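To start, the structure under review is shown below, and the notes come after it.
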Amino acid sequence: MVQLSTAVCLLGGLFLIAPVLMAPTHSSMCTPLRTINDSLSHRRRYMKHNFPIEYTIKVHNREIFRLSNISRMKLRTEGLNDLVLQRLWFQVYQGVLKKILWVLPTRHPSRPYTAELERRFKDAQAVFMQSHPAEVFQEDLPEKIQDIWDSLTEKPENMPESSWRFATPKSLLDNLCRTMYCLFSECFSNADVQEDYCEVSHWRKGRKKDMQPES
């Protein structure tokens with residue numbers, strides 16, 4: 001996703017505000033992300049049909065990470081760019097996938113699927129780390145993002161009960177899929193159709209199946 005930021009330049013004693021293009025998703029990311037997407041296309045079968053009706057798992061409230069969260073962060077956090085959000089996305093969903101695995105017995109029919117999805121996710125995370133200079137990951141995060149990061153990495157026993165929520169495994173993977181499309185849109189763009197994957201309206205029911213990668 002190409003984003004516009006602003007830079008202030010001094011020219012002849014006048015301050016000019018100029019647009020700056022944010023770096024797009026590194027091309028090496030697309031193959032592992034599409035591999036994740038292939039797995040996610042089967043999420044209805046493994047995350048809904050193989051569970052009791054209304055089955056939920058306990059997750060941190062920050063792990064309910066939706067498109068609306070991304071929109072709010074961009075509005076409320078000055079200087080926020082996609083790279084920071086991508087880092088946060090990996091941090092959020094590595095925890096989500098671990099929590100889903102934790103509740104699955106060894107012989108549960110969805111365990112091999114979830115383990116493979118987690119492996120593919122880790123592969124994508126490794127490529128992400130290799131696609132950027134090491135110093136990028138040492139930079140300070142915006143304060144609001146750092147607060148979220150700290151809460152995600154806090155020991156569970158130190159968290160108040162209000163920090164926890166319950167969500168269905170299917171809804172968690174729906175969020176994973178949609179936010180992945182939003183934050184790494186170049187990997188899923190269609191040359192023939194202009195789509196904004198960060199818009200909730202894109203994912204509403206009634207869209208053509210080939211426009212909505214959900215099953």
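For the structure tokens, the naming scheme is as follows: chains receive sequential letters (A, B, ...) according to their order of presentation, residues are indexed from 1 within each chain, and ligands are indexed from 1 in presentation order.
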
Shell of 10 Å around A:Tyr113, only C-alpha atoms, local chain residues under 6 positions omitted, as a PyMOL selection string = chain A and resi 39-40+42-43+46-47+101+119

Let me see the file: selected residues, N, CA and C atoms, as a tab-separated table (two decimals), in the first residue's frame.
```tsv
chain	number	residue	atom	x	y	z
A	39	SER	N	-4.29	-21.01	3.05
A	39	SER	CA	-4.78	-21.71	4.25
A	39	SER	C	-6.06	-21.09	4.77
A	40	LEU	N	-6.11	-19.76	4.78
A	40	LEU	CA	-7.28	-19.08	5.31
A	40	LEU	C	-8.54	-19.34	4.49
A	42	HIS	N	-9.72	-22.00	3.83
A	42	HIS	CA	-10.38	-23.18	4.41
A	42	HIS	C	-10.81	-22.94	5.86
A	43	ARG	N	-10.79	-21.70	6.31
A	43	ARG	CA	-11.02	-21.44	7.73
A	43	ARG	C	-12.44	-21.76	8.19
A	46	TYR	N	-12.45	-25.51	9.16
A	46	TYR	CA	-11.64	-25.90	10.31
A	46	TYR	C	-11.90	-25.07	11.57
A	47	MET	N	-12.36	-23.84	11.41
A	47	MET	CA	-12.56	-22.98	12.57
A	47	MET	C	-14.03	-22.80	12.96
A	101	LEU	N	-4.19	-22.83	19.10
A	101	LEU	CA	-3.53	-24.13	19.22
A	101	LEU	C	-3.62	-24.67	20.64
A	119	ARG	N	2.77	-22.29	11.15
A	119	ARG	CA	4.09	-22.44	10.51
A	119	ARG	C	4.23	-21.48	9.34
```

Counting only C-alpha atoms, what is within 9 Å of A:Val127, bar same-chain residues fewer than 6 positions away, as a list in words?
-> Ser28, Met29 and Pro32 of chain A

Leaving out stretch 187-190 of chain A and any residue of its chain fewer than 5 positions from it, which residues lie within 8 Å of it when counting only C-alpha atoms, given as a list in words?
-> Thr25, Ser27, Met29, Cys30, Leu33, Arg34, Tyr181 and Glu195 of chain A

DSSP strand (DSSP E or B) residues within stretch 58-186 of chain A, listed as JSON, numbers by chain | {"A": [58, 59, 60, 164, 165, 166, 167]}

Would you mind listing, for every residue of stretch 35-98 of chain A within 10 Å of stretch 103-108 of chain A, the two atoms forming the shortest contact and the distance between them in Å to one decimal, using only C-alpha atoms, sorted by chain and ascending residue number, as a tab-separated table?
```
residue	atom	partner	partner_atom	distance
A:Asn50	CA	A:His108	CA	8.4
A:Phe51	CA	A:His108	CA	9.6
A:Ile57	CA	A:Val103	CA	7.7
A:Lys58	CA	A:Val103	CA	9.6
A:Lys98	CA	A:Val103	CA	9.0
```

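Straight-line separation from atom CA of A:Asp196 to atom CA of A:Cys182: 7.5 Å.
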
Could you produce a table of the residues of stretch 66-107 of chain A lying within 9 Å of stretch 139-149 of chain A, with the nearest pair of atoms per residue and their separation in Å rounded to one decimal, using only C-alpha atoms, ordered by chain and increasing residue number, as JSON lines?
```
{"residue": "A:Met73", "atom": "CA", "partner": "A:Ile145", "partner_atom": "CA", "distance": 8.2}
{"residue": "A:Arg76", "atom": "CA", "partner": "A:Lys144", "partner_atom": "CA", "distance": 8.8}
{"residue": "A:Thr77", "atom": "CA", "partner": "A:Lys144", "partner_atom": "CA", "distance": 7.1}
{"residue": "A:Glu78", "atom": "CA", "partner": "A:Pro142", "partner_atom": "CA", "distance": 8.1}
{"residue": "A:Gly79", "atom": "CA", "partner": "A:Pro142", "partner_atom": "CA", "distance": 8.1}
{"residue": "A:Leu80", "atom": "CA", "partner": "A:Pro142", "partner_atom": "CA", "distance": 7.4}
{"residue": "A:Val84", "atom": "CA", "partner": "A:Leu141", "partner_atom": "CA", "distance": 7.3}
{"residue": "A:Leu85", "atom": "CA", "partner": "A:Ile145", "partner_atom": "CA", "distance": 8.5}
{"residue": "A:Leu88", "atom": "CA", "partner": "A:Trp149", "partner_atom": "CA", "distance": 7.2}
{"residue": "A:Gln91", "atom": "CA", "partner": "A:Trp149", "partner_atom": "CA", "distance": 7.7}
{"residue": "A:Val92", "atom": "CA", "partner": "A:Trp149", "partner_atom": "CA", "distance": 8.4}
```

Please, could you write that set of residues out with N, CA and C atoms as a CSV table (one decimal), in the first residue's frame?
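Listing of out.csv after writing:
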```
chain,number,residue,atom,x,y,z
A,73,MET,N,-6.4,3.9,14.6
A,73,MET,CA,-4.9,4.1,14.8
A,73,MET,C,-4.4,5.2,13.9
A,76,ARG,N,-5.7,8.6,14.9
A,76,ARG,CA,-5.3,9.1,16.2
A,76,ARG,C,-3.8,9.2,16.5
A,77,THR,N,-3.0,8.5,15.6
A,77,THR,CA,-1.6,8.4,15.9
A,77,THR,C,-0.8,9.2,14.8
A,78,GLU,N,-0.2,10.3,15.2
A,78,GLU,CA,0.5,11.1,14.2
A,78,GLU,C,1.7,10.4,13.7
A,79,GLY,N,1.9,10.5,12.4
A,79,GLY,CA,3.1,9.9,11.8
A,79,GLY,C,3.1,8.4,11.7
A,80,LEU,N,2.0,7.8,11.8
A,80,LEU,CA,1.9,6.3,11.8
A,80,LEU,C,2.0,5.9,10.3
A,84,VAL,N,4.9,0.2,10.7
A,84,VAL,CA,4.6,0.0,12.1
A,84,VAL,C,3.4,-0.8,12.3
A,85,LEU,N,2.3,-0.6,11.5
A,85,LEU,CA,1.1,-1.4,11.7
A,85,LEU,C,1.4,-2.9,11.3
A,88,LEU,N,3.0,-4.5,14.2
A,88,LEU,CA,2.0,-4.8,15.2
A,88,LEU,C,1.1,-6.0,14.8
A,91,GLN,N,2.8,-9.2,15.6
A,91,GLN,CA,2.8,-9.4,17.0
A,91,GLN,C,1.4,-9.9,17.5
A,92,VAL,N,0.3,-9.3,17.0
A,92,VAL,CA,-1.0,-9.6,17.4
A,92,VAL,C,-1.3,-11.1,17.0
```
